[in-house]
file upload.txt (compact mmCIF, C-alpha atoms and all ligand atoms)
# COMPACT_ATOMS: atom_id res chain seq x y z
CA MET A 1 30.04 -116.09 69.10
CA SER A 2 28.31 -114.54 72.07
CA TYR A 3 29.91 -111.34 73.33
CA SER A 4 31.42 -110.78 76.72
CA ALA A 5 32.69 -107.22 77.17
CA ASN A 6 36.23 -106.56 78.39
CA SER A 7 35.93 -106.09 82.15
CA ASN A 8 38.87 -103.65 82.17
CA ARG A 9 37.29 -101.27 79.64
CA TYR A 10 36.67 -98.28 81.90
CA GLN A 11 40.34 -98.16 82.91
CA LEU A 12 41.34 -97.68 79.28
CA MET A 13 39.43 -94.48 78.48
CA GLU A 14 39.30 -90.89 79.67
CA TYR A 15 35.80 -89.45 80.19
CA ARG A 16 35.20 -85.72 79.82
CA ARG A 17 32.28 -83.70 81.15
CA CYS A 18 30.00 -82.39 78.41
CA GLY A 19 29.68 -78.65 79.05
CA ASN A 20 28.16 -78.16 82.50
CA SER A 21 25.80 -81.11 82.16
CA GLY A 22 25.81 -84.20 84.33
CA LEU A 23 26.97 -86.30 81.38
CA LYS A 24 30.51 -87.43 80.61
CA LEU A 25 31.54 -88.70 77.18
CA PRO A 26 34.57 -90.77 76.21
CA ALA A 27 37.40 -88.63 74.79
CA ILE A 28 37.01 -90.76 71.66
CA SER A 29 33.61 -91.83 70.33
CA LEU A 30 32.76 -93.95 67.28
CA GLY A 31 30.68 -92.71 64.34
CA LEU A 32 28.70 -94.86 61.91
CA TRP A 33 28.50 -92.52 58.91
CA HIS A 34 30.54 -94.79 56.62
CA ASN A 35 31.15 -98.56 56.68
CA PHE A 36 27.90 -99.52 58.45
CA GLY A 37 25.63 -99.60 55.38
CA GLU A 38 24.02 -102.50 53.52
CA PRO A 39 27.08 -103.31 51.38
CA ASP A 40 29.36 -103.49 54.44
CA PRO A 41 29.97 -106.93 55.99
CA LEU A 42 28.02 -107.26 59.23
CA GLU A 43 30.87 -109.16 60.91
CA ASN A 44 33.24 -106.22 60.41
CA CYS A 45 30.62 -103.80 61.77
CA ARG A 46 30.19 -106.04 64.81
CA ASP A 47 33.97 -106.28 65.35
CA MET A 48 34.30 -102.50 65.22
CA LEU A 49 31.52 -101.90 67.75
CA ARG A 50 32.90 -104.59 70.08
CA THR A 51 36.46 -103.26 69.77
CA ALA A 52 35.22 -99.78 70.58
CA PHE A 53 33.19 -100.82 73.63
CA ASP A 54 35.98 -103.13 74.89
CA ASN A 55 38.23 -100.07 74.93
CA GLY A 56 35.87 -97.86 76.87
CA ILE A 57 34.12 -96.14 73.95
CA THR A 58 30.65 -95.73 75.39
CA HIS A 59 29.32 -93.35 72.72
CA PHE A 60 28.13 -94.34 69.25
CA ASP A 61 27.06 -91.55 66.89
CA ILE A 62 24.53 -92.24 64.13
CA ALA A 63 22.12 -90.20 61.97
CA ASN A 64 18.89 -91.04 60.19
CA ASN A 65 20.52 -90.78 56.75
CA TYR A 66 23.73 -92.81 57.35
CA GLY A 67 23.96 -95.81 55.04
CA PRO A 68 23.85 -96.51 52.17
CA PRO A 69 20.94 -96.56 51.70
CA PRO A 70 19.78 -93.89 54.19
CA GLY A 71 18.65 -95.60 57.39
CA ALA A 72 20.92 -98.64 56.92
CA ALA A 73 23.46 -97.65 59.59
CA GLU A 74 20.67 -97.47 62.18
CA THR A 75 19.40 -100.88 61.05
CA THR A 76 22.91 -102.37 61.23
CA PHE A 77 23.40 -100.85 64.67
CA GLY A 78 20.03 -102.23 65.79
CA LYS A 79 20.96 -105.78 64.76
CA ILE A 80 24.28 -105.69 66.62
CA TYR A 81 22.80 -103.87 69.60
CA SER A 82 20.08 -106.47 70.12
CA ALA A 83 22.59 -109.34 69.99
CA ASP A 84 25.54 -107.81 71.86
CA PHE A 85 24.76 -104.62 73.73
CA LYS A 86 21.21 -104.80 75.05
CA SER A 87 22.39 -105.74 78.52
CA HIS A 88 24.75 -102.72 78.40
CA ARG A 89 22.07 -100.16 77.43
CA ASP A 90 22.62 -98.01 80.51
CA GLU A 91 26.36 -97.88 79.82
CA LEU A 92 25.85 -96.46 76.33
CA ILE A 93 25.25 -93.02 74.87
CA ILE A 94 23.65 -93.39 71.45
CA SER A 95 22.90 -90.36 69.32
CA THR A 96 20.96 -89.86 66.14
CA LYS A 97 20.08 -86.83 64.04
CA ALA A 98 17.68 -85.42 61.49
CA GLY A 99 18.24 -82.45 59.20
CA TRP A 100 19.52 -83.76 55.86
CA LYS A 101 17.33 -85.24 53.11
CA MET A 102 15.81 -88.48 54.31
CA TRP A 103 12.64 -89.10 52.32
CA ASP A 104 10.88 -87.64 49.28
CA GLY A 105 8.36 -84.84 49.52
CA PRO A 106 8.28 -81.67 51.62
CA TYR A 107 8.46 -83.39 55.04
CA GLY A 108 11.69 -85.39 54.84
CA ASP A 109 14.37 -82.67 55.00
CA PHE A 110 15.64 -79.64 56.98
CA GLY A 111 14.03 -78.59 60.28
CA SER A 112 10.24 -78.66 60.55
CA ARG A 113 8.59 -80.11 63.62
CA LYS A 114 6.88 -82.60 61.27
CA TYR A 115 10.22 -83.88 59.94
CA LEU A 116 12.14 -84.07 63.22
CA ILE A 117 9.48 -85.86 65.21
CA SER A 118 8.57 -88.42 62.53
CA SER A 119 12.25 -89.01 61.77
CA LEU A 120 13.09 -89.80 65.39
CA ASP A 121 10.16 -92.25 65.52
CA GLN A 122 11.61 -93.98 62.45
CA SER A 123 15.10 -94.04 64.00
CA LEU A 124 13.77 -95.69 67.15
CA LYS A 125 12.11 -98.40 65.04
CA ARG A 126 15.25 -99.05 62.98
CA THR A 127 17.58 -99.24 65.98
CA GLY A 128 15.12 -101.06 68.24
CA LEU A 129 15.90 -98.55 71.01
CA GLU A 130 13.23 -97.21 73.37
CA TYR A 131 15.00 -93.86 73.42
CA VAL A 132 18.20 -92.25 72.12
CA ASP A 133 20.51 -90.43 74.47
CA ILE A 134 21.12 -87.42 72.22
CA PHE A 135 18.91 -86.18 69.38
CA TYR A 136 20.50 -83.58 67.11
CA HIS A 137 19.23 -81.12 64.60
CA HIS A 138 21.79 -81.98 61.90
CA ARG A 139 22.03 -78.63 60.08
CA PRO A 140 20.38 -75.22 60.20
CA ASP A 141 17.22 -74.72 58.16
CA PRO A 142 17.12 -71.29 56.46
CA GLU A 143 13.34 -71.45 55.96
CA THR A 144 11.94 -72.76 59.25
CA ARG A 145 11.74 -70.53 62.33
CA LEU A 146 14.39 -71.63 64.80
CA GLU A 147 11.71 -71.67 67.54
CA GLU A 148 9.83 -74.44 65.69
CA THR A 149 12.93 -76.61 65.31
CA MET A 150 14.02 -76.12 68.91
CA MET A 151 10.48 -76.79 70.19
CA ALA A 152 10.60 -80.13 68.39
CA LEU A 153 13.89 -80.99 70.19
CA ASP A 154 12.37 -79.89 73.49
CA GLN A 155 9.27 -82.00 72.87
CA VAL A 156 11.13 -85.27 72.16
CA VAL A 157 13.15 -84.78 75.33
CA ARG A 158 9.99 -84.18 77.36
CA GLN A 159 8.43 -87.30 75.81
CA GLY A 160 11.47 -89.34 76.85
CA LYS A 161 12.30 -90.29 73.26
CA ALA A 162 15.65 -88.52 73.72
CA LEU A 163 17.47 -87.65 76.93
CA TYR A 164 19.37 -84.63 75.61
CA ALA A 165 19.24 -82.23 72.65
CA GLY A 166 22.12 -81.21 70.39
CA ILE A 167 22.84 -79.24 67.23
CA SER A 168 25.29 -79.71 64.39
CA GLY A 169 26.59 -77.48 61.62
CA TYR A 170 25.32 -74.26 63.29
CA LYS A 171 27.55 -71.18 63.01
CA PRO A 172 28.35 -69.21 66.21
CA ALA A 173 25.44 -66.70 66.01
CA GLU A 174 22.93 -69.39 64.97
CA ALA A 175 24.16 -71.61 67.79
CA GLU A 176 23.75 -68.81 70.35
CA SER A 177 20.16 -68.24 69.24
CA ALA A 178 19.43 -71.96 69.45
CA PHE A 179 20.95 -72.18 72.95
CA SER A 180 18.88 -69.24 74.12
CA ILE A 181 15.60 -70.72 72.86
CA LEU A 182 16.35 -74.15 74.30
CA LYS A 183 17.25 -72.61 77.65
CA GLN A 184 13.93 -70.74 77.74
CA LEU A 185 12.10 -73.96 76.90
CA GLY A 186 13.80 -75.73 79.82
CA THR A 187 15.86 -78.16 77.73
CA PRO A 188 19.37 -76.70 77.66
CA CYS A 189 21.46 -77.71 74.66
CA LEU A 190 23.89 -80.46 75.67
CA ILE A 191 26.31 -80.41 72.78
CA HIS A 192 27.35 -78.98 69.43
CA GLN A 193 28.82 -81.26 66.75
CA PRO A 194 31.09 -79.35 64.34
CA LYS A 195 33.63 -80.46 61.75
CA TYR A 196 37.11 -79.77 63.17
CA SER A 197 40.52 -80.96 62.09
CA MET A 198 44.02 -79.66 61.44
CA LEU A 199 42.87 -79.04 57.87
CA ASN A 200 39.63 -77.27 58.82
CA ARG A 201 39.92 -74.92 61.79
CA TRP A 202 36.77 -72.82 61.37
CA VAL A 203 35.60 -73.49 64.95
CA GLU A 204 38.57 -71.51 66.25
CA ASN A 205 36.96 -68.33 64.82
CA GLY A 206 34.25 -67.91 67.43
CA LEU A 207 32.38 -71.19 67.86
CA LEU A 208 34.61 -72.66 70.59
CA ASP A 209 34.39 -69.38 72.51
CA VAL A 210 30.59 -69.41 72.31
CA LEU A 211 30.44 -73.03 73.50
CA GLU A 212 32.71 -72.26 76.43
CA LYS A 213 30.68 -69.17 77.38
CA GLU A 214 27.39 -71.09 77.15
CA ASN A 215 28.74 -74.24 78.86
CA VAL A 216 27.79 -76.43 75.91
CA GLY A 217 29.91 -79.48 75.04
CA CYS A 218 31.74 -79.91 71.74
CA ILE A 219 32.20 -83.18 69.84
CA SER A 220 34.26 -82.88 66.67
CA PHE A 221 33.77 -84.87 63.48
CA SER A 222 36.00 -85.66 60.48
CA THR A 223 38.98 -85.01 62.76
CA LEU A 224 41.14 -87.16 60.48
CA ALA A 225 39.71 -85.25 57.48
CA GLN A 226 38.11 -88.54 56.42
CA GLY A 227 41.47 -90.31 56.46
CA LEU A 228 43.64 -87.61 54.84
CA LEU A 229 45.33 -87.02 58.21
CA THR A 230 46.72 -90.55 58.34
CA ASP A 231 49.65 -92.04 56.47
CA LYS A 232 47.45 -94.02 54.05
CA TYR A 233 47.64 -91.59 51.11
CA ILE A 234 51.37 -90.77 51.31
CA LYS A 235 52.35 -93.41 48.76
CA GLY A 236 49.26 -93.34 46.54
CA ILE A 237 45.55 -94.03 46.88
CA PRO A 238 44.79 -97.53 48.19
CA ALA A 239 41.83 -99.15 46.39
CA ASP A 240 40.10 -100.02 49.67
CA SER A 241 40.42 -96.50 51.15
CA ARG A 242 37.54 -94.02 51.31
CA ALA A 243 38.97 -91.97 48.43
CA GLY A 244 39.90 -95.11 46.47
CA ARG A 245 36.39 -96.56 46.75
CA GLN A 246 34.98 -93.45 44.99
CA LEU A 247 31.83 -93.27 47.09
CA ASP A 248 29.45 -90.43 46.43
CA ASN A 249 27.81 -89.93 49.84
CA GLY A 250 29.85 -86.94 50.99
CA ALA A 251 33.10 -88.92 50.95
CA ILE A 252 36.41 -87.34 49.94
CA SER A 253 37.25 -87.74 46.29
CA LYS A 254 40.58 -88.58 44.71
CA ASP A 255 41.06 -85.07 43.25
CA ILE A 256 41.74 -83.45 46.62
CA ILE A 257 44.76 -85.70 47.16
CA THR A 258 47.17 -83.39 45.34
CA PRO A 259 51.00 -83.52 45.58
CA GLU A 260 50.75 -80.27 47.60
CA LEU A 261 48.47 -81.93 50.18
CA VAL A 262 50.57 -85.10 50.33
CA ASN A 263 53.63 -82.95 51.05
CA ILE A 264 51.86 -81.34 54.02
CA VAL A 265 50.73 -84.77 55.27
CA GLN A 266 54.28 -86.10 54.97
CA GLN A 267 55.61 -83.23 57.12
CA LEU A 268 52.93 -83.83 59.74
CA HIS A 269 53.68 -87.55 59.62
CA ASP A 270 57.39 -86.85 60.30
CA LEU A 271 56.53 -84.65 63.27
CA ALA A 272 54.16 -87.31 64.63
CA ALA A 273 56.95 -89.90 64.36
CA GLN A 274 59.19 -87.65 66.48
CA ARG A 275 56.44 -87.73 69.12
CA ASN A 276 56.26 -91.54 68.81
CA GLN A 277 52.75 -91.27 67.41
CA THR A 278 51.09 -92.23 64.16
CA LEU A 279 49.75 -89.25 62.23
CA ALA A 280 46.19 -90.38 63.08
CA GLN A 281 47.07 -90.34 66.79
CA MET A 282 48.69 -86.90 66.57
CA ALA A 283 45.77 -85.43 64.60
CA ILE A 284 43.30 -86.60 67.26
CA ALA A 285 45.59 -85.57 70.13
CA TRP A 286 45.92 -82.09 68.61
CA ILE A 287 42.12 -81.68 68.92
CA LEU A 288 41.95 -83.22 72.41
CA LYS A 289 44.60 -80.80 73.75
CA ASP A 290 41.80 -78.21 73.99
CA LYS A 291 39.77 -78.79 77.15
CA ARG A 292 36.70 -77.29 75.45
CA ILE A 293 36.53 -80.45 73.32
CA THR A 294 34.41 -83.09 75.01
CA SER A 295 35.04 -85.86 72.50
CA VAL A 296 36.32 -86.65 69.02
CA ILE A 297 34.05 -88.85 66.87
CA LEU A 298 36.26 -91.24 65.02
CA GLY A 299 35.23 -92.97 61.80
CA ALA A 300 36.77 -96.34 60.97
CA SER A 301 36.67 -99.08 58.35
CA LYS A 302 38.57 -101.68 60.40
CA PRO A 303 38.87 -102.54 64.12
CA ALA A 304 42.66 -102.01 63.96
CA GLN A 305 42.11 -98.34 63.08
CA ILE A 306 40.13 -97.92 66.30
CA THR A 307 42.86 -99.44 68.46
CA ASP A 308 45.50 -97.36 66.69
CA SER A 309 43.56 -94.09 67.01
CA LEU A 310 42.70 -94.70 70.66
CA LYS A 311 46.37 -94.34 71.62
CA ALA A 312 45.94 -90.60 70.98
CA ILE A 313 44.77 -90.24 74.58
CA ASP A 314 48.16 -91.43 75.85
CA ASN A 315 49.76 -88.15 74.79
CA TYR A 316 47.85 -85.00 73.92
CA GLN A 317 50.38 -82.60 75.41
CA PHE A 318 52.25 -80.48 72.87
CA SER A 319 55.29 -78.28 73.44
CA LYS A 320 55.19 -74.69 72.16
CA GLU A 321 57.77 -75.65 69.54
CA GLU A 322 55.60 -78.51 68.30
CA LEU A 323 52.50 -76.29 68.12
CA ASP A 324 54.41 -73.59 66.24
CA ARG A 325 55.80 -76.17 63.83
CA ILE A 326 52.29 -77.56 63.20
CA ASP A 327 50.92 -74.03 62.59
CA SER A 328 53.75 -73.34 60.20
CA ILE A 329 53.12 -76.57 58.23
CA LEU A 330 49.37 -75.92 58.19
CA SER A 331 49.80 -72.33 57.01
CA ARG A 332 50.85 -73.80 53.65
CA ALA A 333 48.06 -76.42 53.53
CA PRO A 334 45.12 -76.20 51.12
CA ARG A 335 41.94 -75.21 52.92
CA LEU A 336 39.36 -77.98 53.04
CA GLN A 337 35.60 -77.57 53.43
N1 LIG B 401 27.31 -83.86 62.05
C1 LIG B 401 27.69 -84.04 60.81
O1 LIG B 401 27.28 -83.32 59.91
C2 LIG B 401 28.67 -85.13 60.52
C3 LIG B 401 29.27 -85.21 59.24
C4 LIG B 401 30.20 -86.21 59.01
C5 LIG B 401 30.53 -87.12 60.02
N2 LIG B 401 29.90 -87.04 61.25
C6 LIG B 401 30.18 -88.03 62.32
O2 LIG B 401 31.59 -88.14 62.52
C7 LIG B 401 32.00 -89.48 62.33
C8 LIG B 401 33.39 -89.52 61.81
O3 LIG B 401 33.47 -88.88 60.54
P1 LIG B 401 34.53 -89.35 59.48
O4 LIG B 401 34.28 -90.78 59.14
O5 LIG B 401 34.57 -88.34 58.41
O6 LIG B 401 35.85 -89.29 60.39
P2 LIG B 401 37.39 -89.38 60.28
O7 LIG B 401 37.77 -89.98 61.57
O8 LIG B 401 37.94 -88.07 59.86
O9 LIG B 401 37.70 -90.40 59.07
C9 LIG B 401 37.47 -91.77 59.20
C10 LIG B 401 38.37 -92.53 58.21
O10 LIG B 401 39.73 -92.34 58.54
C11 LIG B 401 40.45 -93.54 58.35
N3 LIG B 401 41.07 -93.93 59.62
C12 LIG B 401 40.54 -93.87 60.87
N4 LIG B 401 41.45 -94.23 61.79
C13 LIG B 401 42.59 -94.53 61.12
C14 LIG B 401 43.86 -94.95 61.51
N5 LIG B 401 44.16 -95.10 62.81
N6 LIG B 401 44.80 -95.18 60.55
C15 LIG B 401 44.51 -95.01 59.25
N7 LIG B 401 43.30 -94.61 58.80
C16 LIG B 401 42.35 -94.37 59.73
C17 LIG B 401 39.48 -94.56 57.78
O11 LIG B 401 39.53 -94.42 56.36
P3 LIG B 401 39.31 -95.61 55.31
O12 LIG B 401 37.84 -95.79 55.26
O13 LIG B 401 39.92 -95.06 54.07
O14 LIG B 401 40.01 -96.82 55.85
C18 LIG B 401 38.15 -94.04 58.29
O15 LIG B 401 37.05 -94.48 57.54
C19 LIG B 401 30.93 -90.06 61.41
O16 LIG B 401 30.86 -91.48 61.45
C20 LIG B 401 29.69 -89.41 61.95
O17 LIG B 401 29.27 -90.09 63.12
C21 LIG B 401 29.00 -86.06 61.50
call {"tool": "encode", "arguments": {"input": "upload.txt", "output": "structure tokens", "more": "lines below"}}
Ligand SMILES: NC(=O)c1ccc[n+]([C@@H]2O[C@H](COP(=O)([O-])OP(=O)(O)OC[C@H]3O[C@@H](n4cnc5c(N)ncnc54)[C@H](OP(=O)(O)O)[C@@H]3O)[C@@H](O)[C@H]2O)c1
result
Amino acid sequence: MSYSANSNRYQLMEYRRCGNSGLKLPAISLGLWHNFGEPDPLENCRDMLRTAFDNGITHFDIANNYGPPPGAAETTFGKIYSADFKSHRDELIISTKAGWKMWDGPYGDFGSRKYLISSLDQSLKRTGLEYVDIFYHHRPDPETRLEETMMALDQVVRQGKALYAGISGYKPAEAESAFSILKQLGTPCLIHQPKYSMLNRWVENGLLDVLEKENVGCISFSTLAQGLLTDKYIKGIPADSRAGRQLDNGAISKDIITPELVNIVQQLHDLAAQRNQTLAQMAIAWILKDKRITSVILGASKPAQITDSLKAIDNYQFSKEELDRIDSILSRAPRLQ
């Protein structure tokens, strides 16, 4: 069926300025790491992208290696984009990345100029886009000079293959060095993409302060800890869940769902219920309460998860008592990577 976007969509979303740039991002974005690969039904992928856009989600986050197999999420996106979203191109912010292993040999991994520039060319072919809005270096490269990697980001922006540059997985000092080089090159870093959730708070030890000082945006990923911060694992491990499917591409495995973790999740779930939220909504709201966060990238396997999670923006205010209670519950939680 041909797609006609919901005309009310921009009333449904909050848009936050990304650092001190001219760009605003939706408070909730959609990521295509899982559930957009070759084995995943195209109809469900299409429904998720349409549901997202109909609710004001204007930002889709991809990477060269998302699949399976690597590259498949970009191909899936490209198919749906050409059928449904081409006429909305200027309303969309589409990101991709390079930095993890993509192809065999010495040029398909990490951070050389050779890898980044050829990878972005491949991404443009797979998605059918003329340019991406944000191109990220996906993780630091311990062997390549940071200048080389940042010059590659600067170059693709100057060529118009990307509109903005971003980094992901960089620690505070590495991020500061990257920002400084990019600033000198004339392509200031738009955004940093770190992992951040109630179960993984590493960004609170310096990174958020650096981003605020440098006026760089912050978009968090795995904010639901890949689904652990929802109620789905409280009564066992559903076969169709990410843990239940026993995927090997960076997905959570069954062994981390211990009785100790389930107990923590149950307590958070009870607190969320007192706030009239699902745990997923509260976990996202808890990240969005910090104004330094530009957006949360949500992952989803079903359209209904997107509509449920989106309600987080209806209430991201927390009382001091609620915050203290959450800290107290989390102080007993196992630390996740
Ligand atoms: N820069 C990086 O290095 C990096 C790394 C990882 C991810 N990312 C980006 O971040 C995005 C999100 O990562 P993620 O998938 O780990 O995120 P996540 O939001 O923590 O987890 C997504 C999973 O949570 C479950 N879920 C979502 N909403 C739900 C709801 N309302 N109720 C119940 N369950 C719900 C679904 O699990 P089920 O599948 O079990 O249904 C879904 O697949 C990725 O797609 C990618 O774009 C970036």
call {"tool": "closest_residue", "arguments": {"input": "upload.txt", "among": "A:Lys291, A:Arg158, A:His88, A:His192", "to": "ligand LIG 401 (chain B)", "atoms": "all atoms listed in the file"}}
result
A:His192
call {"tool": "closest_residue", "arguments": {"input": "upload.txt", "among": "A:Ile62, A:Met13, A:Leu153, A:Leu42", "to": "ligand LIG 401 (chain B)", "atoms": "only C-alpha atoms and all ligand atoms"}}
result
A:Ile62
call {"tool": "atom_distance", "arguments": {"input": "upload.txt", "atom1": "atom O10 of ligand LIG 401 (chain B)", "atom2": "CA of Gln274 (chain A)"}}
result
21.5 Å
call {"tool": "closest_residue", "arguments": {"input": "upload.txt", "among": "A:Ser119, A:Thr230, A:Ser112, A:Gln267", "to": "Pro140 (chain A)", "atoms": "only C-alpha atoms"}}
result
A:Ser112
call {"tool": "atom_distance", "arguments": {"input": "upload.txt", "atom1": "CA of Gln122 (chain A)", "atom2": "CA of Asn64 (chain A)"}}
result
8.2 Å
call {"tool": "closest_atom_pairs", "arguments": {"input": "upload.txt", "of": "chain A", "to": "ligand LIG 401 (chain B)", "cutoff": "7 Å", "atoms": "all atoms listed in the file", "output": "JSON lines"}}
result
{"residue": "A:Leu30", "atom": "CA", "partner": "B:LIG401", "partner_atom": "O16", "distance": 6.6}
{"residue": "A:Gly31", "atom": "CA", "partner": "B:LIG401", "partner_atom": "O16", "distance": 3.1}
{"residue": "A:Leu32", "atom": "CA", "partner": "B:LIG401", "partner_atom": "O16", "distance": 4.0}
{"residue": "A:Trp33", "atom": "CA", "partner": "B:LIG401", "partner_atom": "O16", "distance": 3.6}
{"residue": "A:His34", "atom": "CA", "partner": "B:LIG401", "partner_atom": "O16", "distance": 5.9}
{"residue": "A:Asp61", "atom": "CA", "partner": "B:LIG401", "partner_atom": "O17", "distance": 4.6}
{"residue": "A:Ile62", "atom": "CA", "partner": "B:LIG401", "partner_atom": "O17", "distance": 5.3}
{"residue": "A:His138", "atom": "CA", "partner": "B:LIG401", "partner_atom": "N1", "distance": 5.8}
{"residue": "A:Ser168", "atom": "CA", "partner": "B:LIG401", "partner_atom": "N1", "distance": 5.2}
{"residue": "A:Gly169", "atom": "CA", "partner": "B:LIG401", "partner_atom": "O1", "distance": 6.1}
{"residue": "A:Gln193", "atom": "CA", "partner": "B:LIG401", "partner_atom": "N1", "distance": 5.6}
{"residue": "A:Pro194", "atom": "CA", "partner": "B:LIG401", "partner_atom": "N1", "distance": 6.3}
{"residue": "A:Lys195", "atom": "CA", "partner": "B:LIG401", "partner_atom": "C3", "distance": 6.9}
{"residue": "A:Phe221", "atom": "CA", "partner": "B:LIG401", "partner_atom": "O2", "distance": 4.0}
{"residue": "A:Ser222", "atom": "CA", "partner": "B:LIG401", "partner_atom": "O8", "distance": 3.2}
{"residue": "A:Thr223", "atom": "CA", "partner": "B:LIG401", "partner_atom": "O8", "distance": 4.3}
{"residue": "A:Leu224", "atom": "CA", "partner": "B:LIG401", "partner_atom": "O8", "distance": 3.4}
{"residue": "A:Ala225", "atom": "CA", "partner": "B:LIG401", "partner_atom": "O8", "distance": 4.1}
{"residue": "A:Gln226", "atom": "CA", "partner": "B:LIG401", "partner_atom": "O9", "distance": 3.3}
{"residue": "A:Gly227", "atom": "CA", "partner": "B:LIG401", "partner_atom": "O10", "distance": 3.4}
{"residue": "A:Thr230", "atom": "CA", "partner": "B:LIG401", "partner_atom": "C15", "distance": 5.1}
{"residue": "A:Asp231", "atom": "CA", "partner": "B:LIG401", "partner_atom": "C15", "distance": 6.6}
{"residue": "A:Lys232", "atom": "CA", "partner": "B:LIG401", "partner_atom": "C15", "distance": 6.1}
{"residue": "A:Asp240", "atom": "CA", "partner": "B:LIG401", "partner_atom": "O13", "distance": 6.6}
{"residue": "A:Ser241", "atom": "CA", "partner": "B:LIG401", "partner_atom": "O13", "distance": 3.3}
{"residue": "A:Arg242", "atom": "CA", "partner": "B:LIG401", "partner_atom": "O13", "distance": 3.8}
{"residue": "A:Ala243", "atom": "CA", "partner": "B:LIG401", "partner_atom": "O13", "distance": 6.5}
{"residue": "A:Ala280", "atom": "CA", "partner": "B:LIG401", "partner_atom": "N5", "distance": 5.1}
{"residue": "A:Gln281", "atom": "CA", "partner": "B:LIG401", "partner_atom": "N5", "distance": 6.9}
{"residue": "A:Ile297", "atom": "CA", "partner": "B:LIG401", "partner_atom": "C7", "distance": 5.0}
{"residue": "A:Leu298", "atom": "CA", "partner": "B:LIG401", "partner_atom": "O7", "distance": 4.0}
{"residue": "A:Gly299", "atom": "CA", "partner": "B:LIG401", "partner_atom": "O4", "distance": 3.6}
{"residue": "A:Ala300", "atom": "CA", "partner": "B:LIG401", "partner_atom": "C18", "distance": 3.8}
{"residue": "A:Ser301", "atom": "CA", "partner": "B:LIG401", "partner_atom": "O12", "distance": 4.7}
{"residue": "A:Lys302", "atom": "CA", "partner": "B:LIG401", "partner_atom": "O14", "distance": 6.8}
{"residue": "A:Gln305", "atom": "CA", "partner": "B:LIG401", "partner_atom": "N5", "distance": 3.8}
{"residue": "A:Ile306", "atom": "CA", "partner": "B:LIG401", "partner_atom": "N4", "distance": 6.0}
{"residue": "A:Asp308", "atom": "CA", "partner": "B:LIG401", "partner_atom": "N5", "distance": 4.7}
{"residue": "A:Ser309", "atom": "CA", "partner": "B:LIG401", "partner_atom": "N5", "distance": 4.4}
call {"tool": "atom_distance", "arguments": {"input": "upload.txt", "atom1": "CA of Asp248 (chain A)", "atom2": "CA of Trp103 (chain A)"}}
result
17.9 Å
call {"tool": "residues_around", "arguments": {"input": "upload.txt", "residues": "Arg275 (chain A)", "least_positions_apart": "3", "cutoff": "12 Å", "atoms": "only C-alpha atoms", "output": "PyMOL selection string"}}
result
chain A and resi 268-272+278-279+281-283+285-286+312+314-319+322
call {"tool": "write_last_selection", "arguments": {"input": "upload.txt", "atoms": "C-alpha atoms", "output": "mmCIF file, in the coordinates of the input"}}
result
data_model
loop_
_atom_site.group_PDB
_atom_site.id
_atom_site.type_symbol
_atom_site.label_atom_id
_atom_site.label_comp_id
_atom_site.auth_asym_id
_atom_site.auth_seq_id
_atom_site.Cartn_x
_atom_site.Cartn_y
_atom_site.Cartn_z
ATOM 1 C CA LEU A 268 52.930 -83.830 59.740
ATOM 2 C CA HIS A 269 53.680 -87.550 59.620
ATOM 3 C CA ASP A 270 57.390 -86.850 60.300
ATOM 4 C CA LEU A 271 56.530 -84.650 63.270
ATOM 5 C CA ALA A 272 54.160 -87.310 64.630
ATOM 6 C CA THR A 278 51.090 -92.230 64.160
ATOM 7 C CA LEU A 279 49.750 -89.250 62.230
ATOM 8 C CA GLN A 281 47.070 -90.340 66.790
ATOM 9 C CA MET A 282 48.690 -86.900 66.570
ATOM 10 C CA ALA A 283 45.770 -85.430 64.600
ATOM 11 C CA ALA A 285 45.590 -85.570 70.130
ATOM 12 C CA TRP A 286 45.920 -82.090 68.610
ATOM 13 C CA ALA A 312 45.940 -90.600 70.980
ATOM 14 C CA ASP A 314 48.160 -91.430 75.850
ATOM 15 C CA ASN A 315 49.760 -88.150 74.790
ATOM 16 C CA TYR A 316 47.850 -85.000 73.920
ATOM 17 C CA GLN A 317 50.380 -82.600 75.410
ATOM 18 C CA PHE A 318 52.250 -80.480 72.870
ATOM 19 C CA SER A 319 55.290 -78.280 73.440
ATOM 20 C CA GLU A 322 55.600 -78.510 68.300
#
call {"tool": "residues_around", "arguments": {"input": "upload.txt", "residues": "Val132 (chain A)", "least_positions_apart": "5", "cutoff": "9 Å", "atoms": "all atoms listed in the file", "output": "JSON, numbers by chain"}}
result
{"A": [93, 94, 95, 96, 120, 123, 124, 160, 161, 162, 163, 164]}
call {"tool": "write_last_selection", "arguments": {"input": "upload.txt", "atoms": "C-alpha atoms", "output": "JSON list (two decimals), in the frame of the given file"}}
result
[["chain", "number", "residue", "atom", "x", "y", "z"],
["A", 93, "ILE", "CA", 25.25, -93.02, 74.87],
["A", 94, "ILE", "CA", 23.65, -93.39, 71.45],
["A", 95, "SER", "CA", 22.90, -90.36, 69.32],
["A", 96, "THR", "CA", 20.96, -89.86, 66.14],
["A", 120, "LEU", "CA", 13.09, -89.80, 65.39],
["A", 123, "SER", "CA", 15.10, -94.04, 64.00],
["A", 124, "LEU", "CA", 13.77, -95.69, 67.15],
["A", 160, "GLY", "CA", 11.47, -89.34, 76.85],
["A", 161, "LYS", "CA", 12.30, -90.29, 73.26],
["A", 162, "ALA", "CA", 15.65, -88.52, 73.72],
["A", 163, "LEU", "CA", 17.47, -87.65, 76.93],
["A", 164, "TYR", "CA", 19.37, -84.63, 75.61]]
call {"tool": "residues_around", "arguments": {"input": "upload.txt", "residues": "Lys254 (chain A)", "least_positions_apart": "4", "cutoff": "12 Å", "atoms": "only C-alpha atoms", "output": "JSON, numbers by chain"}}
result
{"A": [226, 227, 228, 233, 236, 237, 238, 239, 241, 242, 243, 244, 245, 246, 247, 248, 258, 259, 261, 262]}
